[in-house]
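Trainee: So here's structure-v3.csv (CSV, C-alpha atoms and all ligand atoms).
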chain,number,residue,atom,x,y,z
A,116,MET,CA,-10.0,12.0,-19.3
A,117,ILE,CA,-9.2,14.1,-16.2
A,118,ILE,CA,-10.0,12.4,-12.9
A,119,LEU,CA,-9.8,13.8,-9.3
A,120,GLY,CA,-8.8,11.0,-6.9
A,121,ILE,CA,-9.4,11.3,-3.2
A,122,GLU,CA,-7.8,9.0,-0.5
A,123,THR,CA,-8.8,9.1,3.2
A,124,SER,CA,-8.8,5.4,4.2
A,125,CYS,CA,-6.3,5.7,7.1
A,126,ASP,CA,-4.2,8.6,8.3
A,127,GLU,CA,-3.3,10.5,5.1
A,128,THR,CA,-5.6,13.0,3.5
A,129,ALA,CA,-4.8,13.0,-0.2
A,130,ALA,CA,-6.1,14.3,-3.5
A,131,ALA,CA,-4.6,14.0,-7.0
A,132,VAL,CA,-5.5,14.9,-10.5
A,133,VAL,CA,-4.6,12.1,-13.0
A,134,GLU,CA,-5.0,12.3,-16.8
A,135,ASP,CA,-5.9,9.2,-18.8
A,136,GLY,CA,-5.0,6.9,-15.9
A,137,LEU,CA,-1.3,7.4,-16.5
A,138,THR,CA,-0.2,11.0,-16.1
A,139,ILE,CA,-0.1,12.5,-12.6
A,140,ARG,CA,-1.0,16.2,-13.0
A,141,SER,CA,-0.8,16.7,-9.2
A,142,SER,CA,-0.6,14.6,-6.0
A,143,VAL,CA,-1.1,16.2,-2.6
A,144,VAL,CA,-0.7,14.3,0.6
A,145,SER,CA,-1.4,15.7,4.1
A,146,SER,CA,-0.1,13.4,6.7
A,147,GLN,CA,-1.7,13.1,10.2
A,148,VAL,CA,1.4,11.3,11.6
A,149,ASP,CA,2.1,14.0,14.2
A,150,LEU,CA,-1.5,13.8,15.6
A,151,HIS,CA,-1.3,10.0,16.1
A,152,ALA,CA,2.4,9.7,17.2
A,153,ARG,CA,1.8,10.2,20.9
A,154,PHE,CA,-0.8,7.4,20.9
A,155,GLY,CA,1.7,5.0,19.1
A,156,GLY,CA,-0.8,4.2,16.4
A,157,VAL,CA,-3.8,5.6,14.4
A,158,VAL,CA,-6.8,6.6,16.5
A,159,PRO,CA,-9.8,6.2,14.2
A,160,GLU,CA,-11.9,9.1,15.7
A,161,ILE,CA,-9.0,11.5,15.5
A,162,ALA,CA,-8.3,10.4,11.9
A,163,SER,CA,-11.8,11.1,10.7
A,164,ARG,CA,-12.0,14.5,12.4
A,165,ALA,CA,-8.6,15.5,10.9
A,166,HIS,CA,-9.6,14.4,7.4
A,167,LEU,CA,-12.7,16.6,7.7
A,168,GLU,CA,-10.7,19.6,8.7
A,169,VAL,CA,-8.2,19.5,5.8
A,170,ILE,CA,-10.0,17.7,3.0
A,171,ASN,CA,-11.3,20.8,1.2
A,172,GLY,CA,-7.9,22.5,1.3
A,173,VAL,CA,-6.1,19.3,0.0
A,174,ILE,CA,-8.6,19.0,-2.9
A,175,GLY,CA,-8.2,22.7,-3.6
A,176,ASP,CA,-4.4,22.4,-3.7
A,177,ALA,CA,-4.5,19.4,-6.0
A,178,LEU,CA,-6.7,21.3,-8.5
A,179,VAL,CA,-4.5,24.4,-8.3
A,180,GLU,CA,-1.3,22.4,-8.8
A,181,ALA,CA,-2.8,20.6,-11.7
A,182,GLY,CA,-4.0,23.9,-13.2
A,183,VAL,CA,-7.6,22.7,-13.5
A,184,GLU,CA,-10.9,23.7,-12.1
A,185,PHE,CA,-13.9,21.6,-11.0
A,186,SER,CA,-15.5,22.3,-14.5
A,187,ASP,CA,-12.5,20.6,-16.2
A,188,LEU,CA,-13.0,17.3,-14.3
A,189,ASP,CA,-14.5,14.3,-16.2
A,190,ALA,CA,-15.0,12.2,-13.1
A,191,VAL,CA,-14.2,12.1,-9.4
A,192,ALA,CA,-13.1,9.1,-7.4
A,193,ALA,CA,-12.5,8.2,-3.7
A,194,THR,CA,-11.2,5.1,-1.9
A,195,HIS,CA,-14.4,3.4,-0.6
A,196,GLY,CA,-12.6,0.5,1.2
A,197,PRO,CA,-10.9,-1.2,2.9
A,198,GLY,CA,-10.1,1.2,5.7
A,199,LEU,CA,-11.4,2.9,8.8
A,200,ALA,CA,-15.2,3.5,8.4
A,201,GLY,CA,-15.2,7.2,9.6
A,202,ALA,CA,-12.1,8.1,7.7
A,203,LEU,CA,-13.4,6.5,4.4
A,204,LEU,CA,-16.7,8.3,4.8
A,205,VAL,CA,-15.0,11.7,4.6
A,206,GLY,CA,-13.4,11.1,1.2
A,207,VAL,CA,-16.4,9.2,-0.2
A,208,SER,CA,-18.8,12.1,0.9
A,209,ALA,CA,-16.5,14.7,-0.6
A,210,ALA,CA,-16.3,12.9,-3.9
A,211,LYS,CA,-20.0,12.3,-4.1
A,212,ALA,CA,-20.7,16.0,-3.3
A,213,ILE,CA,-18.3,17.0,-6.2
A,214,ALA,CA,-19.9,14.5,-8.5
A,215,LEU,CA,-23.4,15.8,-7.7
A,216,ALA,CA,-22.5,19.5,-7.9
A,217,SER,CA,-20.4,19.1,-11.1
A,218,ARG,CA,-22.7,16.5,-12.7
A,219,ILE,CA,-19.8,14.1,-13.3
A,220,PRO,CA,-19.5,10.3,-12.6
A,221,TYR,CA,-18.3,9.1,-9.1
A,222,ILE,CA,-16.1,6.0,-8.9
A,223,GLY,CA,-15.6,4.2,-5.6
A,224,VAL,CA,-12.0,2.7,-5.7
A,225,ASN,CA,-10.7,-0.4,-3.8
A,226,HIS,CA,-7.6,0.8,-1.8
A,227,LEU,CA,-5.7,-2.5,-2.5
A,228,GLU,CA,-6.4,-2.2,-6.2
A,229,GLY,CA,-5.1,1.3,-6.0
A,230,HIS,CA,-1.8,0.0,-4.5
A,231,LEU,CA,-1.6,-2.5,-7.4
A,232,HIS,CA,-2.2,0.2,-10.0
A,233,ALA,CA,0.5,2.5,-8.5
A,234,ALA,CA,3.0,0.2,-10.2
A,235,TRP,CA,1.9,0.7,-13.8
A,236,LEU,CA,0.8,4.3,-13.3
A,237,GLN,CA,3.4,6.1,-15.6
A,238,ASN,CA,4.5,2.6,-16.9
A,239,PRO,CA,1.8,1.4,-19.4
A,240,GLU,CA,4.1,-1.1,-21.2
A,241,VAL,CA,4.7,-3.6,-18.4
A,242,GLU,CA,4.7,-7.2,-19.4
A,243,LEU,CA,2.0,-9.4,-17.9
A,244,PRO,CA,1.6,-11.5,-15.9
A,245,LEU,CA,2.8,-9.6,-12.9
A,246,ALA,CA,3.7,-11.1,-9.5
A,247,VAL,CA,2.9,-8.3,-7.0
A,248,LEU,CA,4.0,-8.2,-3.4
A,249,LEU,CA,1.5,-5.9,-1.7
A,250,VAL,CA,2.8,-4.9,1.7
A,251,SER,CA,1.2,-2.2,3.9
A,252,GLY,CA,0.2,-1.4,7.4
A,253,GLY,CA,-3.0,-3.5,7.1
A,254,HIS,CA,-2.3,-6.0,4.4
A,255,THR,CA,0.4,-8.4,3.2
A,256,MET,CA,-0.4,-10.4,0.1
A,257,LEU,CA,1.0,-11.8,-3.1
A,258,VAL,CA,-1.2,-11.2,-6.2
A,259,ALA,CA,-1.0,-12.5,-9.7
A,260,VAL,CA,-2.1,-9.8,-12.2
A,261,ARG,CA,-2.9,-11.2,-15.6
A,262,GLY,CA,-4.8,-8.2,-17.0
A,263,ASP,CA,-6.8,-5.2,-15.9
A,264,ALA,CA,-9.1,-6.2,-13.0
A,265,ASP,CA,-7.8,-9.8,-13.3
A,266,TYR,CA,-6.3,-10.4,-9.9
A,267,GLU,CA,-5.6,-13.7,-8.1
A,268,VAL,CA,-4.6,-13.6,-4.5
A,269,LEU,CA,-1.9,-16.2,-4.2
A,270,GLY,CA,-1.2,-15.9,-0.5
A,271,HIS,CA,-1.5,-13.5,2.4
A,272,THR,CA,-0.5,-13.1,6.0
A,273,VAL,CA,-2.1,-15.5,8.5
A,274,ASP,CA,-1.5,-13.0,11.4
A,275,ASP,CA,0.2,-9.5,11.4
A,276,ALA,CA,0.7,-7.5,8.2
A,277,ALA,CA,4.4,-6.7,7.4
A,278,GLY,CA,3.9,-3.0,8.2
A,279,GLU,CA,2.3,-3.9,11.5
A,280,ALA,CA,5.3,-5.9,12.4
A,281,PHE,CA,7.6,-3.0,11.6
A,282,ASP,CA,5.4,-0.7,13.6
A,283,LYS,CA,5.2,-3.1,16.6
A,284,VAL,CA,9.0,-3.8,16.6
A,285,ALA,CA,9.7,-0.1,16.4
A,286,ARG,CA,7.5,0.5,19.4
A,287,LEU,CA,9.2,-2.1,21.5
A,288,LEU,CA,12.5,-0.6,20.5
A,289,GLY,CA,11.2,2.8,21.6
A,290,LEU,CA,11.5,4.2,18.1
A,291,GLY,CA,8.1,5.8,18.0
A,292,TYR,CA,5.4,5.9,15.3
A,293,PRO,CA,5.3,5.2,12.4
A,294,GLY,CA,7.8,2.5,12.9
A,295,GLY,CA,8.7,1.4,9.4
A,296,PRO,CA,10.6,4.5,8.3
A,297,ALA,CA,12.3,4.7,11.7
A,298,ILE,CA,13.6,1.0,11.4
A,299,ASP,CA,14.6,1.6,7.8
A,300,ARG,CA,16.7,4.7,8.9
A,301,LEU,CA,18.3,3.1,11.9
A,302,ALA,CA,19.0,-0.2,10.2
A,303,THR,CA,21.6,1.5,8.0
A,304,GLU,CA,23.7,2.0,11.2
A,305,GLY,CA,23.3,-1.6,12.4
A,306,ASP,CA,24.6,-5.1,11.4
A,307,PRO,CA,21.9,-7.2,9.7
A,308,THR,CA,23.7,-10.4,10.6
A,309,ALA,CA,24.2,-9.5,14.3
A,310,ILE,CA,21.1,-11.6,15.4
A,311,ARG,CA,19.7,-14.5,13.4
A,312,PHE,CA,16.0,-13.9,13.8
A,313,PRO,CA,13.6,-16.6,12.5
A,314,ARG,CA,12.3,-16.4,8.9
A,315,PRO,CA,8.7,-17.6,9.6
A,316,MET,CA,7.2,-19.9,6.9
A,317,GLN,CA,10.1,-19.3,4.5
A,318,GLY,CA,10.0,-22.1,1.8
A,319,ASP,CA,6.6,-23.1,3.0
A,320,GLY,CA,3.9,-21.9,0.5
A,321,LEU,CA,2.9,-18.4,-0.3
A,322,ASP,CA,1.3,-17.3,3.0
A,323,PHE,CA,3.2,-15.2,5.5
A,324,SER,CA,3.4,-15.0,9.3
A,325,PHE,CA,5.0,-12.1,11.1
A,326,SER,CA,3.8,-12.4,14.7
A,327,GLY,CA,6.4,-15.0,15.6
A,328,LEU,CA,9.2,-12.8,14.3
A,329,LYS,CA,7.9,-9.9,16.4
A,330,THR,CA,7.8,-12.1,19.5
A,331,ALA,CA,11.4,-13.3,18.8
A,332,VAL,CA,12.5,-9.7,18.8
A,333,LEU,CA,10.7,-9.1,22.1
A,334,HIS,CA,12.4,-12.2,23.7
A,335,HIS,CA,15.7,-11.0,22.4
A,336,VAL,CA,15.5,-7.5,24.0
A,337,ARG,CA,14.2,-8.9,27.2
A,338,ARG,CA,17.0,-11.5,27.4
A,339,ASP,CA,19.7,-9.1,26.6
A,340,PRO,CA,18.9,-5.6,28.0
A,341,GLU,CA,22.3,-4.3,26.7
A,342,TYR,CA,21.2,-4.9,23.1
A,343,THR,CA,22.3,-2.5,20.4
A,344,VAL,CA,19.1,-1.0,18.9
A,345,ALA,CA,20.5,-0.5,15.4
A,346,ASP,CA,21.7,-4.2,15.3
A,347,VAL,CA,18.2,-5.4,16.4
A,348,ALA,CA,16.5,-3.1,13.9
A,349,ALA,CA,18.8,-4.2,11.0
A,350,SER,CA,18.5,-7.9,12.0
A,351,PHE,CA,14.7,-7.8,12.2
A,352,GLN,CA,14.5,-5.9,8.9
A,353,ALA,CA,16.8,-8.5,7.3
A,354,ALA,CA,14.6,-11.4,8.5
A,355,ALA,CA,11.4,-9.7,7.3
A,356,VAL,CA,12.9,-8.7,3.9
A,357,ASP,CA,14.3,-12.2,3.4
A,358,VAL,CA,10.9,-13.7,3.8
A,359,LEU,CA,9.2,-11.1,1.6
A,360,VAL,CA,11.7,-11.4,-1.3
A,361,SER,CA,11.8,-15.2,-1.2
A,362,LYS,CA,8.0,-15.5,-1.3
A,363,LEU,CA,7.8,-13.0,-4.2
A,364,ASP,CA,10.3,-15.2,-6.0
A,365,ALA,CA,8.3,-18.3,-5.3
A,366,ALA,CA,5.1,-16.6,-6.5
A,367,ALA,CA,6.8,-15.3,-9.7
A,368,THR,CA,8.0,-18.8,-10.4
A,369,ALA,CA,4.6,-20.4,-9.7
A,370,ILE,CA,2.7,-18.2,-12.2
A,371,GLY,CA,5.5,-17.7,-14.7
A,372,ALA,CA,5.5,-13.9,-14.1
A,373,ARG,CA,7.1,-11.6,-16.6
A,374,THR,CA,7.5,-8.7,-14.2
A,375,LEU,CA,8.0,-8.4,-10.4
A,376,VAL,CA,6.1,-5.6,-8.7
A,377,ILE,CA,6.0,-4.2,-5.2
A,378,GLY,CA,3.5,-1.8,-3.7
A,379,GLY,CA,2.1,-0.5,-0.4
A,380,GLY,CA,3.8,1.4,2.4
A,381,VAL,CA,6.4,-1.2,3.2
A,382,ALA,CA,7.6,-1.1,-0.4
A,383,ALA,CA,9.2,2.2,0.5
A,384,ASN,CA,11.7,0.2,2.6
A,385,SER,CA,15.2,0.5,1.3
A,386,ALA,CA,16.3,-3.1,2.1
A,387,LEU,CA,13.2,-4.5,0.4
A,388,ARG,CA,13.7,-2.3,-2.6
A,389,ALA,CA,17.3,-3.4,-2.9
A,390,GLY,CA,16.3,-7.1,-2.3
A,391,VAL,CA,13.7,-7.0,-5.1
A,392,ALA,CA,16.1,-5.2,-7.4
A,393,ALA,CA,18.7,-8.0,-6.7
A,394,LEU,CA,16.1,-10.7,-7.3
A,395,ALA,CA,15.3,-9.1,-10.7
A,396,LEU,CA,18.9,-9.3,-11.7
A,397,GLU,CA,19.2,-12.8,-10.5
A,398,THR,CA,16.1,-14.2,-12.2
A,399,GLY,CA,16.0,-12.0,-15.3
A,400,ARG,CA,12.5,-10.8,-14.4
A,401,PRO,CA,12.4,-7.0,-14.5
A,402,ALA,CA,11.1,-5.4,-11.3
A,403,LEU,CA,8.8,-2.4,-11.2
A,404,ILE,CA,9.6,-0.5,-8.0
A,405,PRO,CA,7.4,2.6,-7.8
A,406,PRO,CA,8.8,5.8,-6.3
A,407,ARG,CA,8.4,5.9,-2.5
A,408,GLU,CA,5.6,8.5,-2.7
A,409,LEU,CA,3.5,6.1,-4.8
A,410,CYS,CA,4.1,3.2,-2.4
A,411,THR,CA,2.7,4.9,0.7
A,412,ASP,CA,-0.9,6.0,0.7
A,413,ASN,CA,-1.6,8.6,-2.0
A,414,ALA,CA,-4.5,9.7,-4.3
A,415,ALA,CA,-2.7,9.4,-7.6
A,416,MET,CA,-3.2,5.6,-7.4
A,417,VAL,CA,-6.9,6.2,-6.7
A,418,GLY,CA,-7.3,8.5,-9.8
A,419,ALA,CA,-5.4,6.1,-12.0
A,420,THR,CA,-7.4,3.0,-10.9
A,421,ALA,CA,-10.7,5.0,-11.3
A,422,HIS,CA,-9.8,5.6,-15.0
A,423,TRP,CA,-9.8,1.9,-15.8
A,424,ARG,CA,-12.7,1.0,-13.5
A,425,LEU,CA,-14.9,3.7,-15.2
A,426,ARG,CA,-14.0,2.4,-18.6
A,427,THR,CA,-15.0,-1.2,-17.9
A,428,ASP,CA,-17.5,-1.1,-15.0
A,429,GLY,CA,-19.0,2.4,-15.4
A,430,PRO,CA,-19.7,4.8,-12.5
A,431,THR,CA,-20.5,3.8,-8.9
A,432,GLY,CA,-23.9,4.7,-7.6
A,433,LEU,CA,-24.2,7.7,-5.3
A,434,ASP,CA,-26.1,5.4,-2.9
A,435,ASP,CA,-23.0,3.2,-2.5
A,436,GLY,CA,-21.3,3.8,0.8
A,437,ALA,CA,-17.9,3.1,2.4
A,438,ILE,CA,-17.0,-0.6,2.8
A,439,PRO,CA,-14.5,-0.9,5.6
A,440,SER,CA,-13.6,-4.6,5.0
A,441,LEU,CA,-13.8,-4.6,1.2
A,442,PRO,CA,-11.5,-7.4,-0.1
A,443,LEU,CA,-9.4,-7.3,-3.2
A,444,PRO,CA,-11.7,-8.8,-5.9
A,445,SER,CA,-10.0,-12.1,-6.7
A,446,ARG,CA,-11.0,-14.2,-9.8
A,447,SER,CA,-10.7,-17.9,-9.1
A,448,PRO,CA,-8.7,-20.1,-11.6
A,449,GLU,CA,-12.1,-21.8,-12.3
A,450,SER,CA,-13.7,-18.5,-13.4
A,451,ARG,CA,-10.6,-17.7,-15.5
A,452,ARG,CA,-10.9,-21.0,-17.4
A,453,SER,CA,-14.6,-20.5,-18.2
B,501,LIG,O1,0.3,1.7,2.5
B,501,LIG,P1,0.4,2.5,3.7
B,501,LIG,O2,0.9,3.9,3.6
B,501,LIG,O3,-0.9,2.5,4.5
B,501,LIG,C1,-1.7,1.4,4.6
B,501,LIG,O4,-2.5,1.1,3.7
B,501,LIG,O5,-1.6,0.6,5.6
B,501,LIG,O6,1.4,1.6,4.7
B,501,LIG,C2,1.8,2.1,5.9
B,501,LIG,C3,2.8,1.1,6.5
B,501,LIG,C4,3.1,1.4,8.0
B,501,LIG,O7,3.1,0.2,8.7
B,501,LIG,C5,4.5,1.9,7.9
B,501,LIG,O8,5.3,1.7,9.0
B,501,LIG,C6,5.1,1.2,6.7
B,501,LIG,O9,4.0,1.2,5.8
B,501,LIG,N1,6.2,1.8,6.1
B,501,LIG,C7,7.5,1.3,6.0
B,501,LIG,C8,8.3,2.3,5.4
B,501,LIG,N2,7.6,3.4,5.1
B,501,LIG,C9,6.3,3.1,5.5
B,501,LIG,N3,7.9,0.1,6.5
B,501,LIG,C10,9.2,-0.2,6.3
B,501,LIG,N4,10.1,0.7,5.8
B,501,LIG,C11,9.7,1.9,5.3
B,501,LIG,N5,10.6,2.8,4.8
B,502,ZN,ZN,-2.4,1.7,1.8
Let me see whether you can do it: turn the structure in this file into structure tokens.
Mentor:
Amino acid sequence: MIILGIETSCDETAAAVVEDGLTIRSSVVSSQVDLHARFGGVVPEIASRAHLEVINGVIGDALVEAGVEFSDLDAVAATHGPGLAGALLVGVSAAKAIALASRIPYIGVNHLEGHLHAAWLQNPEVELPLAVLLVSGGHTMLVAVRGDADYEVLGHTVDDAAGEAFDKVARLLGLGYPGGPAIDRLATEGDPTAIRFPRPMQGDGLDFSFSGLKTAVLHHVRRDPEYTVADVAASFQAAAVDVLVSKLDAAATAIGARTLVIGGGVAANSALRAGVAALALETGRPALIPPRELCTDNAAMVGATAHWRLRTDGPTGLDDGAIPSLPLPSRSPESRRS
């Protein structure tokens, strides 16, 4: 089963060819970071226009790299939500056009489900249940995965997403956009214990809050104009990672997880990766830490998720559109018991 996956929910235009939901034959990502950098964040109108300009080339490259043609595809998938409406529409429309022209099924994929699937793409033997920490620019949540399409959201952020906090702190430190990778790099030169920033809601349930931490950084740099940027970056990152790792641990304990998993753009963070690897050693629960290119937005996760969704749910109708605020489907404990 060869599936072409397409991802255009935010500021990466991506296409990938995935075989049997597990093997990545190609994965091409064209980033718009340079276009948005001078605005300090993603500008939705610019994002959709840029997707439109490069989408055909990116799809063509993914097919060539995989050594396949349209006629070899068994299905085509695109992220249909959540994300920016205009940006999503570009990928969804491209996928539907290919489905129609090649007479193959179209599958609309939930972007968050894609991030969850990135973990067991190439790793089919993971032991369930999984405790997944999903941390991106738009979302921060803990999810129990007990089987294919069996997800339970255990907790989420009550204000900013973790990636948003990295981006906002980077902006106030003058590090530019996107902020996560910049803080990650600079933190290696700083002292993570230099400033004791708060660890919001640590030890208090499975929800997160990051806006207070961001404000604490703001107050610190206003109070002390002579601050060392690398120390502030390292200390902020240490506080954010402390909270993320301890809540993943609490979630894993609560559900009796056999495996720890991280996903989403912030899962590319070096300190978080090291923290989760250390937690795995400490607790004896193995951690699945996907390669960085499968943590940030990509289309391989879309092609992989589509494989499983097509098998159990069948194709998505061509009259289905983009769904900007699509939630992760969560099965309640009640429905699981019945
Ligand atoms: O999953 P993603 O690529 O897009 C969304 O679905 O949002 O995540 C993007 C987010 C951005 O906020 C970016 O700053 C953050 O992931 N990010 C990082 C790192 N790489 C990307 N945050 C911390 N450290 C990194 N190395
Ligand atoms: Zn994402």
Trainee: Hey, could you make a per-residue contact list for chain A against ligand ZN 502 (chain B) with 9 Å as the cut-off, showing the nearest pair of atoms and its distance in Å to one decimal, counting all atoms listed in the file, sorted by chain and number, as a Markdown table?
Mentor:
| residue | atom | partner | partner_atom | distance |
| --- | --- | --- | --- | --- |
| A:Ser124 | CA | B:ZN502 | ZN | 7.8 |
| A:Cys125 | CA | B:ZN502 | ZN | 7.7 |
| A:Gly198 | CA | B:ZN502 | ZN | 8.6 |
| A:His226 | CA | B:ZN502 | ZN | 6.4 |
| A:Leu227 | CA | B:ZN502 | ZN | 6.9 |
| A:Gly229 | CA | B:ZN502 | ZN | 8.3 |
| A:His230 | CA | B:ZN502 | ZN | 6.6 |
| A:Val250 | CA | B:ZN502 | ZN | 8.4 |
| A:Ser251 | CA | B:ZN502 | ZN | 5.7 |
| A:Gly252 | CA | B:ZN502 | ZN | 6.9 |
| A:Gly253 | CA | B:ZN502 | ZN | 7.4 |
| A:His254 | CA | B:ZN502 | ZN | 8.1 |
| A:Gly378 | CA | B:ZN502 | ZN | 8.8 |
| A:Gly379 | CA | B:ZN502 | ZN | 5.5 |
| A:Gly380 | CA | B:ZN502 | ZN | 6.2 |
| A:Cys410 | CA | B:ZN502 | ZN | 7.9 |
| A:Thr411 | CA | B:ZN502 | ZN | 6.1 |
| A:Asp412 | CA | B:ZN502 | ZN | 4.7 |
| A:Asn413 | CA | B:ZN502 | ZN | 7.9 |
Trainee: Could you save those same residues with C-alpha atoms as a PDB file, in the coordinates of the input?
Mentor:
ATOM      1  CA  SER A 124      -8.800   5.400   4.200  1.00  0.00           C
ATOM      2  CA  CYS A 125      -6.300   5.700   7.100  1.00  0.00           C
ATOM      3  CA  GLY A 198     -10.100   1.200   5.700  1.00  0.00           C
ATOM      4  CA  HIS A 226      -7.600   0.800  -1.800  1.00  0.00           C
ATOM      5  CA  LEU A 227      -5.700  -2.500  -2.500  1.00  0.00           C
ATOM      6  CA  GLY A 229      -5.100   1.300  -6.000  1.00  0.00           C
ATOM      7  CA  HIS A 230      -1.800   0.000  -4.500  1.00  0.00           C
ATOM      8  CA  VAL A 250       2.800  -4.900   1.700  1.00  0.00           C
ATOM      9  CA  SER A 251       1.200  -2.200   3.900  1.00  0.00           C
ATOM     10  CA  GLY A 252       0.200  -1.400   7.400  1.00  0.00           C
ATOM     11  CA  GLY A 253      -3.000  -3.500   7.100  1.00  0.00           C
ATOM     12  CA  HIS A 254      -2.300  -6.000   4.400  1.00  0.00           C
ATOM     13  CA  GLY A 378       3.500  -1.800  -3.700  1.00  0.00           C
ATOM     14  CA  GLY A 379       2.100  -0.500  -0.400  1.00  0.00           C
ATOM     15  CA  GLY A 380       3.800   1.400   2.400  1.00  0.00           C
ATOM     16  CA  CYS A 410       4.100   3.200  -2.400  1.00  0.00           C
ATOM     17  CA  THR A 411       2.700   4.900   0.700  1.00  0.00           C
ATOM     18  CA  ASP A 412      -0.900   6.000   0.700  1.00  0.00           C
ATOM     19  CA  ASN A 413      -1.600   8.600  -2.000  1.00  0.00           C
TER      20      ASN A 413
END
Trainee: Hey, which bits of stretch 256-359 of chain A sit within 12 Å of stretch 391-401 of chain A, and for each residue what's the closest pair of atoms and how far apart in Å (one decimal), counting only C-alpha atoms, rows by chain and increasing number, as a Markdown table?
Mentor:
| residue | atom | partner | partner_atom | distance |
| --- | --- | --- | --- | --- |
| A:Val356 | CA | A:Val391 | CA | 9.2 |
| A:Asp357 | CA | A:Val391 | CA | 10.0 |
| A:Val358 | CA | A:Val391 | CA | 11.5 |
| A:Leu359 | CA | A:Val391 | CA | 9.1 |
Trainee: List as a PDB file with C-alpha atoms, in the frame of the given file the protein and nucleic acid residues near stretch 273-282 of chain A, meaning an atom at most 7 Å away when only C-alpha atoms are counted, but skip any in the same chain fewer than 4 places from it.
Mentor:
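Final output, saved to around_21.pdb:
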ATOM      1  CA  VAL A 250       2.800  -4.900   1.700  1.00  0.00           C
ATOM      2  CA  SER A 251       1.200  -2.200   3.900  1.00  0.00           C
ATOM      3  CA  GLY A 252       0.200  -1.400   7.400  1.00  0.00           C
ATOM      4  CA  GLY A 253      -3.000  -3.500   7.100  1.00  0.00           C
ATOM      5  CA  HIS A 254      -2.300  -6.000   4.400  1.00  0.00           C
ATOM      6  CA  THR A 255       0.400  -8.400   3.200  1.00  0.00           C
ATOM      7  CA  ARG A 286       7.500   0.500  19.400  1.00  0.00           C
ATOM      8  CA  TYR A 292       5.400   5.900  15.300  1.00  0.00           C
ATOM      9  CA  PRO A 293       5.300   5.200  12.400  1.00  0.00           C
ATOM     10  CA  GLY A 294       7.800   2.500  12.900  1.00  0.00           C
ATOM     11  CA  GLY A 295       8.700   1.400   9.400  1.00  0.00           C
ATOM     12  CA  ASP A 322       1.300 -17.300   3.000  1.00  0.00           C
ATOM     13  CA  PHE A 323       3.200 -15.200   5.500  1.00  0.00           C
ATOM     14  CA  SER A 324       3.400 -15.000   9.300  1.00  0.00           C
ATOM     15  CA  PHE A 325       5.000 -12.100  11.100  1.00  0.00           C
ATOM     16  CA  SER A 326       3.800 -12.400  14.700  1.00  0.00           C
ATOM     17  CA  LYS A 329       7.900  -9.900  16.400  1.00  0.00           C
ATOM     18  CA  VAL A 381       6.400  -1.200   3.200  1.00  0.00           C
TER      19      VAL A 381
END
Trainee: Extract, using all atoms listed in the file, all DNA, RNA and protein residues at most 12 Å from A:Val158, discarding same-chain residues fewer than 4 positions from it, and format them as a PDB file with C-alpha atoms, keeping the file's coordinate frame.
Mentor:
ATOM      1  CA  CYS A 125      -6.300   5.700   7.100  1.00  0.00           C
ATOM      2  CA  ASP A 126      -4.200   8.600   8.300  1.00  0.00           C
ATOM      3  CA  GLN A 147      -1.700  13.100  10.200  1.00  0.00           C
ATOM      4  CA  VAL A 148       1.400  11.300  11.600  1.00  0.00           C
ATOM      5  CA  ASP A 149       2.100  14.000  14.200  1.00  0.00           C
ATOM      6  CA  LEU A 150      -1.500  13.800  15.600  1.00  0.00           C
ATOM      7  CA  HIS A 151      -1.300  10.000  16.100  1.00  0.00           C
ATOM      8  CA  ALA A 152       2.400   9.700  17.200  1.00  0.00           C
ATOM      9  CA  ARG A 153       1.800  10.200  20.900  1.00  0.00           C
ATOM     10  CA  PHE A 154      -0.800   7.400  20.900  1.00  0.00           C
ATOM     11  CA  ALA A 162      -8.300  10.400  11.900  1.00  0.00           C
ATOM     12  CA  SER A 163     -11.800  11.100  10.700  1.00  0.00           C
ATOM     13  CA  ARG A 164     -12.000  14.500  12.400  1.00  0.00           C
ATOM     14  CA  ALA A 165      -8.600  15.500  10.900  1.00  0.00           C
ATOM     15  CA  LEU A 199     -11.400   2.900   8.800  1.00  0.00           C
ATOM     16  CA  GLY A 201     -15.200   7.200   9.600  1.00  0.00           C
ATOM     17  CA  ALA A 202     -12.100   8.100   7.700  1.00  0.00           C
TER      18      ALA A 202
END
Trainee: Find the distance between atom C3 of ligand LIG 501 (chain B) and atom CA of A:Thr303 and write it in Å to one decimal.
Mentor: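 Calculated distance between atom C3 of ligand LIG 501 (chain B) and atom CA of A:Thr303 is 18.9 Å.
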Trainee: When you look at stretch 235-240 of chain A with a cut-off of 9 Å (counting only C-alpha atoms), what residues show up, excluding the ones that are within fewer than 2 positions of it in the same chain? I need them as an NGL selection string.
Mentor: :A and (136-139 or 231-233 or 242 or 403 or 405 or 415-416 or 419-420)
Trainee: For stretch 179-185 of chain A, work out the shell of residues within 8 Å, counting all atoms listed in the file and skipping chain neighbours fewer than 5 positions away, then give it as a list in words.
Mentor: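 These residues fall inside the cut-off: Val132, Arg140, Ser141, Ile213 and Ser217 of chain A.
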Trainee: Those same residues, written as a PDB file, in the coordinates of the input with C-alpha atoms?
Mentor:
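Everything below was put into again20.pdb:
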ATOM      1  CA  VAL A 132      -5.500  14.900 -10.500  1.00  0.00           C
ATOM      2  CA  ARG A 140      -1.000  16.200 -13.000  1.00  0.00           C
ATOM      3  CA  SER A 141      -0.800  16.700  -9.200  1.00  0.00           C
ATOM      4  CA  ILE A 213     -18.300  17.000  -6.200  1.00  0.00           C
ATOM      5  CA  SER A 217     -20.400  19.100 -11.100  1.00  0.00           C
TER       6      SER A 217
END
Trainee: Using only C-alpha atoms, which residues sit within 12 Å of A:Gly371 once same-chain residues fewer than 3 positions away are excluded, as number ranges by chain?
Mentor: A: 242-246, 259-261, 363-368, 374-375, 398-400
